[in-house]
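Okay, so here's the structure we're looking at.
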Amino acid sequence: MAEYKPPTSEAEFAANFSPKKPLMSDTEAYYESSRCLYCYDAPCITACPTGIDIPLFIRQINSDNKDGAAKTIYESNWMGHACGNVCPTEELCEGACVYNHSDVKPIEIGRLQAHATTVVIRSKKKLFRTGKDTGKKIAVIGAGPAGISAACELRMLGHAVDIFEAKAKPSGLCVYGVAPYKLTNEEALDEVAYLQEQFGFTVQYNKPINGRMDFEKLEKGYDAIFIGIGLGSTSALGIPGEDKQGVIGALEFVEELRMNHHKTPIGKKVIVLGGGNTAMDAASESCRMGADSVVIAYRRGPEEMGAYSFEFDLAKKSGAKALFNVTPVEVMGNGSVTGVKFIRNKAAYGKIEAIPGSEFVEPCDMVLLGTGQGKQVELLEQISGVKLEHKSRILDDRGRLVVNEQYQTNNPKYFAAGDAVNGGVEVVNAAAEAKKAAHGIDQYLKR
Amino acid sequence: MADLRTNLAGIKSPNPFWLASAPPTNSGYQIMKAFDAGWGGAVWKTLGVPVVNVSSRYGAVNYRDNRMVGFNNIELITDRPLADNLREISEVKKRFPEHAVIASLMVETREEWHQIVRDVENAGADGIELNFGCPHGMCERGMGSAVGQEPKVLQTIVEWVKEVAKVPVITKLTPNISDITRPARAARAGGSDAISLINTIQSVVGVDLDTFVPMPNVDGKSTNGGYCGPAVKPIALNMLKNCAQDSQVGIPISGIGGVENWRDAAEFILLGASSVQVCTAVMHYGFGIIRDLKSGLERYMDEKGFKTLDDFRGKALPNIVHWEDLNLKYKVVAEINADKCIGCQLCYTACEDGAHQAIGLSSDPLIRIPSIIEENCVGCNLCSIVCPVEDCITMERRDDGKEYLTWGDRTRAGNIPKTFDDELAGGRHHWVPEPADALTKKKPRHYKG
Ligand SMILES: Cc1cc2nc3c(=O)[nH]c(=O)nc-3n(C[C@H](O)[C@H](O)[C@H](O)COP(=O)(O)OP(=O)(O)OC[C@H]3O[C@@H](n4cnc5c(N)ncnc54)[C@H](O)[C@@H]3O)c2cc1C
Ligand SMILES: Cc1cc2nc3c(=O)[nH]c(=O)nc-3n(C[C@H](O)[C@H](O)[C@H](O)COP(=O)(O)O)c2cc1C
Ligand code: SF4
Ligand code: SF4
Ligand code: SF4
């Protein structure tokens, strides 16, 4: 039944995880860019959270000015290459392309964007000049999309930037989270290296900022601090048996997959719990790892899933099946997982209600929890001036950072953007917010 | 079923589609292949004096993803020996007696003309085409367009040819002249049985931005070439119309210039052509395009009820008049079909920046369908031309059709506007915004600087 054989080599892994949006050749980019109508005040621009001037960069590709195209992209979005590959374009720019209204295939904006940025990343072409030195220093916590974007923009504004990153590599979830068929490690890392070369910010790896002492040190050494730490690890489900062997967070599974590729352990029968994009990714990836069966189990009906429909479609196409209206009540097994006990639900007044006596056990040897990422509440609470109760303005009652329009927290020296603020959206949102936060910092320092 | 049979001044062919004198008619091999594919006639690659060609010979204009929208060459006449060509003409005629084989010729002296005309007739050519069109290489030697640009010289040479020719003679004209009817009249005066037009237009198709050498590049240098392909069709149609409407020309015309599909061919015929000649489209797509040319023209004729080409030849000519004979009272305005509109707003920006500020946008950015401000619309067509959706913007008639007044009528009546306030002199009815309004006009948020 499985459409994918378990990969046993790097080549087989690459084949199973072949890019969803392969890099365009010059010819394809030329033809595709020729189709763009160059709409006035184009709706695709409005649909892009970073507001890239899409018709302009497409025209620049078409007139063989790819450096110019890349510059147009990066001017709005420092994660231009990553976004070209990982953005849910169906829901954003491409979904807004006017061609949709005439039943013509929309322009492949994401792939054109990745094409133009690849050209400059490969040629190492410097497109930007950093701003005149202001003598100010900013500490950035986290080298994910938010942190890197903030760093680039701050350098454009002439401020010095040091990034502190807990892990050994930059790019955050672009390297540790996003599906490998969207973006490879090399692509993600090459873009950051390209930007760092151009902007000259420093990154200290394996340097987690751990508590009040670290924060105080940063406060002494820097004029402002940007928080781009994203979210935490997968939240627990809170059902018996969850600690059995073979039960892991979807995020942790993806992280291992991104690092170890075909060497990542995979079950024969995998159950993915959850209805969000991370659950869909984990299901698609399990299929590509050669699991015999992959079942997505979700508490409600398909229309209520948080995931984009195209991600669910991809999981189904990859071979996953879905169980709807089921709640996991216990992980079965003795030492290692052997199955998940579910109870069926029915919808009642917008809520779900368990149907008594409808329990059943779905056998499996691996459970992936797509139950969402926790927030880094304990850490953020240690920033001085922050009251511990959640009502204090720095964290909302869902543990997210609260910021004003300048992305400034209630401790004026701290700014924040990305998943840590928005609770987990997309790379492009982190890039858009971080850019605004950098300008917020600039305003704050000028005051 | 439509009858495509063609007779141009006595040269007969099964259909009006001829290959123009060019690389596709370089050899008997190619012409047999073309006839076998369905072409009706072929004008052999120009025969004449020995020449030497350069290497790297073509350049092109690509428009976005469309290649060879325009095409140019710096080639000369045939560089194959005359004897070989004559032998192959005989061979082709033997195999394809019903098809038209026309020998294109270009030599210098009267004796040379007499000799070569006899040679090709002996080989079996059905007609002769005099190449007075080539705009490069040959004119420097006093041939080609050097002749075509001098009506007197042209007439003399036609007369020389007619002294010996027994088959019909076609004179091919160069467009590199301001009034095409002058050489056309001279051709007739010299006794030419028909004319063909146009040959290529002098051109430089582009400059390489790295080497600074225009295309085609011959060892770091280039030269002006002859332009052809779809881009030149409008120029060809205009010259065709000028000759077809001129009673002092009055001889059959073979139309050439940018013909690629049956629609192009039908347009040439509607403007008076008896046959059409094709070069660039075959150089691009091969002889196989004849299938579309024939089936398309047949279907068109059947649909319109035309039995023969004569039924519609020149049918569009009465509809081209001088500007002064156009009805000044006719009034159309643009109308947007909201159901078809995809919201690209190309019409808006075209009219706003390139025409008459007669299209408005909703103040709600989510409503992308523009609206026509009828008072400002002059009925120029621009918006309907730029709109990417078929039949989305239509031009609707607003006058009642009762009045007919032309500039000619007014001139004759002494009724010429003396001031710009005259309703037809633009002033009163043509509203424009105040200049400084431009600076406060709302801009898209991504327009920087
Ligand atoms: C499984 C999965 C799939 C996804 N797929 C897509 C997708 O296809 N398309 C898309 O656009 N988005 C996708 N996303 C979302 C996207 O990855 C995030 O929105 C984006 O990466 C957020 O960027 P960030 O910089 O805010 O956070 P992160 O990417 O999480 O980066 C945070 C960085 O901070 C570091 N850090 C954390 N704590 C500390 C600390 N205390 N000290 C120092 N450093 C620290 C982390 O190591 C990390 O490098 C996906 C997310 C997940 C989980
Ligand atoms: C609608 C229109 C009106 C024009 N009016 C003028 C004119 O008043 N004076 C002039 O010198 N050229 C006029 N031109 C010619 C242009 O200036 C230009 O020479 C020509 O269009 C070729 O350039 P293009 O291929 O970029 O259009 C006009 C062209 C257009 C399309
Ligand atoms: S909406 Fe589509 S066609 Fe229009 S500018 Fe954007 S990408 Fe091009
Ligand atoms: S016809 Fe011309 S003036 Fe009228 S709306 Fe269209 S572009 Fe504007
Ligand atoms: S050009 Fe056509 S499709 Fe585009 S906005 Fe105007 S009317 Fe609509």
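By order of appearance in the structure tokens: chains A, B, ..., then residues from 1 within every chain, and ligands from 1 in the order shown.
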
Report task. Return as an NGL selection string the residues of protein, DNA or RNA that approach ligand 3 to within 6 Å, with only C-alpha atoms and all ligand atoms taken into account. Result -> (:A and (36-39 or 42-44 or 55 or 97-98 or 107)) or (:B and (344))

Query raised in the report: How would you write, as a ChimeraX atom specification, the set of residues no farther than 7 Å from ligand 4 when counting only C-alpha atoms and all ligand atoms?
Result: /B:333-334,347,350-351,355-359,372,376-384

Report task. Write out as a PyMOL selection string which residues come within 10 Å of Glu28 of chain A when counting only C-alpha atoms, dropping same-chain ones fewer than 4 positions away. Result -> (chain A and resi 23-24+32-34+112+115) or (chain B and resi 65)

Please produce, as a Markdown table, a per-residue contact table for chain A versus ligand 1 (criterion: any atom at most 7 Å away, only C-alpha atoms and all ligand atoms considered), showing the nearest atom pair and its distance in Å to one decimal, sorted by chain then residue number.
| residue | atom | partner | partner_atom_place_in_ligand_line | distance |
| --- | --- | --- | --- | --- |
| A:Cys83 | CA | ligand 1 | 11 (O) | 6.3 |
| A:Val86 | CA | ligand 1 | 9 (N) | 4.2 |
| A:Cys87 | CA | ligand 1 | 11 (O) | 4.3 |
| A:Pro88 | CA | ligand 1 | 9 (N) | 6.1 |
| A:Ile141 | CA | ligand 1 | 43 (C) | 5.0 |
| A:Gly142 | CA | ligand 1 | 34 (O) | 3.3 |
| A:Ala143 | CA | ligand 1 | 49 (O) | 4.7 |
| A:Gly144 | CA | ligand 1 | 31 (O) | 3.4 |
| A:Pro145 | CA | ligand 1 | 25 (O) | 3.9 |
| A:Ala146 | CA | ligand 1 | 25 (O) | 3.6 |
| A:Gly147 | CA | ligand 1 | 25 (O) | 5.5 |
| A:Phe164 | CA | ligand 1 | 43 (C) | 5.3 |
| A:Glu165 | CA | ligand 1 | 44 (N) | 3.8 |
| A:Ala166 | CA | ligand 1 | 44 (N) | 3.9 |
| A:Lys167 | CA | ligand 1 | 47 (O) | 4.9 |
| A:Pro170 | CA | ligand 1 | 49 (O) | 5.6 |
| A:Ser171 | CA | ligand 1 | 49 (O) | 5.7 |
| A:Gly172 | CA | ligand 1 | 49 (O) | 3.3 |
| A:Leu173 | CA | ligand 1 | 29 (O) | 3.8 |
| A:Cys174 | CA | ligand 1 | 17 (O) | 5.4 |
| A:Gly177 | CA | ligand 1 | 1 (C) | 4.3 |
| A:Val178 | CA | ligand 1 | 3 (C) | 4.0 |
| A:Ala179 | CA | ligand 1 | 3 (C) | 6.0 |
| A:Lys182 | CA | ligand 1 | 8 (O) | 6.8 |
| A:Lys207 | CA | ligand 1 | 43 (C) | 6.1 |
| A:Pro208 | CA | ligand 1 | 42 (N) | 3.5 |
| A:Ile209 | CA | ligand 1 | 42 (N) | 4.0 |
| A:Asn210 | CA | ligand 1 | 41 (N) | 5.5 |
| A:Gly228 | CA | ligand 1 | 25 (O) | 5.2 |
| A:Ile229 | CA | ligand 1 | 34 (O) | 3.6 |
| A:Gly230 | CA | ligand 1 | 27 (O) | 3.5 |
| A:Leu231 | CA | ligand 1 | 30 (O) | 5.6 |
| A:Leu251 | CA | ligand 1 | 1 (C) | 5.4 |
| A:Val254 | CA | ligand 1 | 1 (C) | 6.4 |
| A:Asn277 | CA | ligand 1 | 3 (C) | 6.6 |
| A:Thr278 | CA | ligand 1 | 1 (C) | 4.2 |
| A:Asp281 | CA | ligand 1 | 1 (C) | 6.3 |
| A:Ala417 | CA | ligand 1 | 26 (O) | 6.3 |
| A:Gly418 | CA | ligand 1 | 26 (O) | 3.3 |
| A:Asp419 | CA | ligand 1 | 26 (O) | 3.9 |
| A:Ala420 | CA | ligand 1 | 26 (O) | 5.8 |
| A:Gly424 | CA | ligand 1 | 19 (O) | 5.1 |
| A:Val425 | CA | ligand 1 | 19 (O) | 4.5 |
| A:Glu426 | CA | ligand 1 | 19 (O) | 3.6 |
| A:Val427 | CA | ligand 1 | 11 (O) | 3.9 |
| A:Val428 | CA | ligand 1 | 11 (O) | 5.7 |
| A:Asn429 | CA | ligand 1 | 19 (O) | 6.9 |
| A:Ala430 | CA | ligand 1 | 23 (O) | 5.2 |

Requested in this report: Using only C-alpha atoms, determine which residues of chain B fall within 6 Å of chain A; present them as a ChimeraX atom specification.
Outcome: /B:64-65,342,344-346,444

Please write the residues from the selection above to a file, keeping N, CA, C and O atoms, as a CSV table (one decimal), in the first residue's frame.
chain,number,residue,atom,x,y,z
B,64,ARG,N,8.8,39.3,-25.1
B,64,ARG,CA,8.6,38.4,-24.0
B,64,ARG,C,8.8,37.0,-24.4
B,64,ARG,O,9.9,36.6,-24.9
B,65,ASP,N,7.8,36.1,-24.2
B,65,ASP,CA,8.1,34.7,-24.5
B,65,ASP,C,7.9,34.4,-25.9
B,65,ASP,O,8.0,33.2,-26.4
B,342,ILE,N,-11.4,40.7,-14.4
B,342,ILE,CA,-10.6,40.0,-13.4
B,342,ILE,C,-9.9,40.9,-12.5
B,342,ILE,O,-9.2,40.5,-11.6
B,344,CYS,N,-7.6,43.4,-13.0
B,344,CYS,CA,-6.1,43.7,-13.1
B,344,CYS,C,-5.8,45.2,-13.1
B,344,CYS,O,-4.7,45.6,-12.8
B,345,GLN,N,-6.8,46.0,-13.5
B,345,GLN,CA,-6.7,47.4,-13.5
B,345,GLN,C,-5.7,47.9,-14.5
B,345,GLN,O,-5.2,49.0,-14.4
B,346,LEU,N,-5.5,47.1,-15.5
B,346,LEU,CA,-4.6,47.6,-16.6
B,346,LEU,C,-5.3,48.7,-17.4
B,346,LEU,O,-4.7,49.7,-17.8
B,444,PRO,N,-0.4,53.6,-5.2
B,444,PRO,CA,-0.3,52.3,-4.5
B,444,PRO,C,0.8,52.3,-3.5
B,444,PRO,O,1.8,53.0,-3.6

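Residues of protein, DNA or RNA having any atom at most 7 Å from ligand 5, counting only C-alpha atoms and all ligand atoms, are Ile336, Asn337, Lys340, Cys341, Ile342, Gly343, Cys344, Gln345, Leu346, Cys347, Tyr348, Arg368, Ile369, Pro370, Cys383, Val386, Cys387, Pro388, Val389, Cys392 and Ile393 of chain B.
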
Requested in this report: Determine which residues of segment 85-290 of chain B receive a DSSP assignment of alpha helix (DSSP H), computed from the backbone, and state them as a ChimeraX atom specification.
Outcome: /B:85-95,110-123,145-148,151-164,181-189,233-245,262-270,280-285,290

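A straight line drawn from atom CA of Asn224 of chain B to atom CA of Ala187 of chain B is 26.5 Å long.
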
Report task. Find the spatial neighbours of Val326 of chain A, counting only C-alpha atoms, within a cut-off of 9 Å - ignore same-chain residues fewer than 3 positions away - and output them as number ranges by chain. Result -> A: 297-300, 323, 342-346, 354

Can you write out the residues you just picked, keeping N, CA and C atoms, as a PDB file, in the first residue's frame?
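Written output follows (result.pdb):
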ATOM      1  N   ALA A 297      -5.424  11.510  13.081  1.00  0.00           N
ATOM      2  CA  ALA A 297      -6.634  11.429  13.907  1.00  0.00           C
ATOM      3  C   ALA A 297      -6.931  12.814  14.464  1.00  0.00           C
ATOM      4  N   TYR A 298      -8.173  13.253  14.222  1.00  0.00           N
ATOM      5  CA  TYR A 298      -8.531  14.620  14.618  1.00  0.00           C
ATOM      6  C   TYR A 298      -9.870  14.600  15.345  1.00  0.00           C
ATOM      7  N   ARG A 299      -9.987  15.455  16.356  1.00  0.00           N
ATOM      8  CA  ARG A 299     -11.165  15.415  17.228  1.00  0.00           C
ATOM      9  C   ARG A 299     -12.446  15.859  16.541  1.00  0.00           C
ATOM     10  N   ARG A 300     -12.312  16.734  15.549  1.00  0.00           N
ATOM     11  CA  ARG A 300     -13.508  17.274  14.907  1.00  0.00           C
ATOM     12  C   ARG A 300     -13.569  16.839  13.448  1.00  0.00           C
ATOM     13  N   LEU A 323      -8.853   9.898  10.319  1.00  0.00           N
ATOM     14  CA  LEU A 323      -9.960   9.524  11.203  1.00  0.00           C
ATOM     15  C   LEU A 323     -10.482  10.819  11.798  1.00  0.00           C
ATOM     16  N   PHE A 342      -9.215   5.424  21.218  1.00  0.00           N
ATOM     17  CA  PHE A 342      -9.979   6.628  20.883  1.00  0.00           C
ATOM     18  C   PHE A 342     -11.407   6.474  21.358  1.00  0.00           C
ATOM     19  N   ILE A 343     -12.047   7.601  21.530  1.00  0.00           N
ATOM     20  CA  ILE A 343     -13.493   7.580  21.703  1.00  0.00           C
ATOM     21  C   ILE A 343     -14.085   8.479  20.629  1.00  0.00           C
ATOM     22  N   ARG A 344     -15.216   8.047  20.083  1.00  0.00           N
ATOM     23  CA  ARG A 344     -15.807   8.839  18.993  1.00  0.00           C
ATOM     24  C   ARG A 344     -16.568  10.037  19.551  1.00  0.00           C
ATOM     25  N   ASN A 345     -16.626  11.098  18.741  1.00  0.00           N
ATOM     26  CA  ASN A 345     -17.320  12.318  19.154  1.00  0.00           C
ATOM     27  C   ASN A 345     -18.471  12.616  18.222  1.00  0.00           C
ATOM     28  N   LYS A 346     -19.424  13.349  18.773  1.00  0.00           N
ATOM     29  CA  LYS A 346     -20.398  13.962  17.876  1.00  0.00           C
ATOM     30  C   LYS A 346     -20.429  15.455  18.194  1.00  0.00           C
ATOM     31  N   ALA A 354     -18.369  13.336  23.621  1.00  0.00           N
ATOM     32  CA  ALA A 354     -17.978  11.934  23.432  1.00  0.00           C
ATOM     33  C   ALA A 354     -19.224  11.053  23.380  1.00  0.00           C
TER      34      ALA A 354
END

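Summary of the local environment: counting only C-alpha atoms, residues at most 10 Å from Glu242 of chain A, other than itself and those fewer than 5 positions away along its chain, are Ala236, Leu237, Val247, Ile248, Val329, Glu330, Val331, Met332, Val337, Val340, Val367 and Leu369 of chain A.
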
Query raised in the report: Could you name the residues that touch segment 309-318 of chain B at 6 Å or less, counting only C-alpha atoms, but leaving out those on the same chain fewer than 3 positions away, as a list in words?
Result: Ile269, Leu270, Leu271, Gly272 and Phe306 of chain B

Deliver the residues from the most recent selection as a file, using C-alpha atoms, as a compact mmCIF listing (two decimals), in the first residue's frame.
# COMPACT_ATOMS: atom_id res chain seq x y z
CA ILE B 269 -6.74 38.80 -49.79
CA LEU B 270 -9.39 41.15 -48.39
CA LEU B 271 -7.02 44.00 -49.19
CA GLY B 272 -6.56 42.84 -52.75
CA PHE B 306 -17.24 32.56 -50.58

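In this comparison, which uses only C-alpha atoms, the residue of B:Gln155, B:Ser295, B:Thr223, B:Thr171 approaching Asp193 of chain B most closely is B:Thr171.
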
So that I can see what lies close to Asp302 of chain B, please list as a PDB file with C-alpha atoms, in the first residue's frame the residues with an atom at most 10 Å from it, counting only C-alpha atoms and leaving out residues fewer than 4 positions away in the same chain.
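So selection.pdb came out as:
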ATOM      1  CA  MET B   1     -16.522  23.432 -50.424  1.00  0.00           C
ATOM      2  CA  ALA B   2     -14.291  26.441 -51.003  1.00  0.00           C
ATOM      3  CA  ASP B   3     -12.147  26.423 -54.124  1.00  0.00           C
ATOM      4  CA  GLY B 296      -8.446  27.768 -41.890  1.00  0.00           C
ATOM      5  CA  LEU B 297      -8.984  29.646 -45.122  1.00  0.00           C
ATOM      6  CA  GLU B 298     -11.351  26.973 -46.434  1.00  0.00           C
ATOM      7  CA  PHE B 306     -17.238  32.563 -50.581  1.00  0.00           C
ATOM      8  CA  LYS B 307     -16.785  29.947 -53.293  1.00  0.00           C
ATOM      9  CA  THR B 308     -13.594  31.273 -54.842  1.00  0.00           C
TER      10      THR B 308
END

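Atom CA of Ser192 of chain B is found 8.2 Å from atom CA of Ile251 of chain B.
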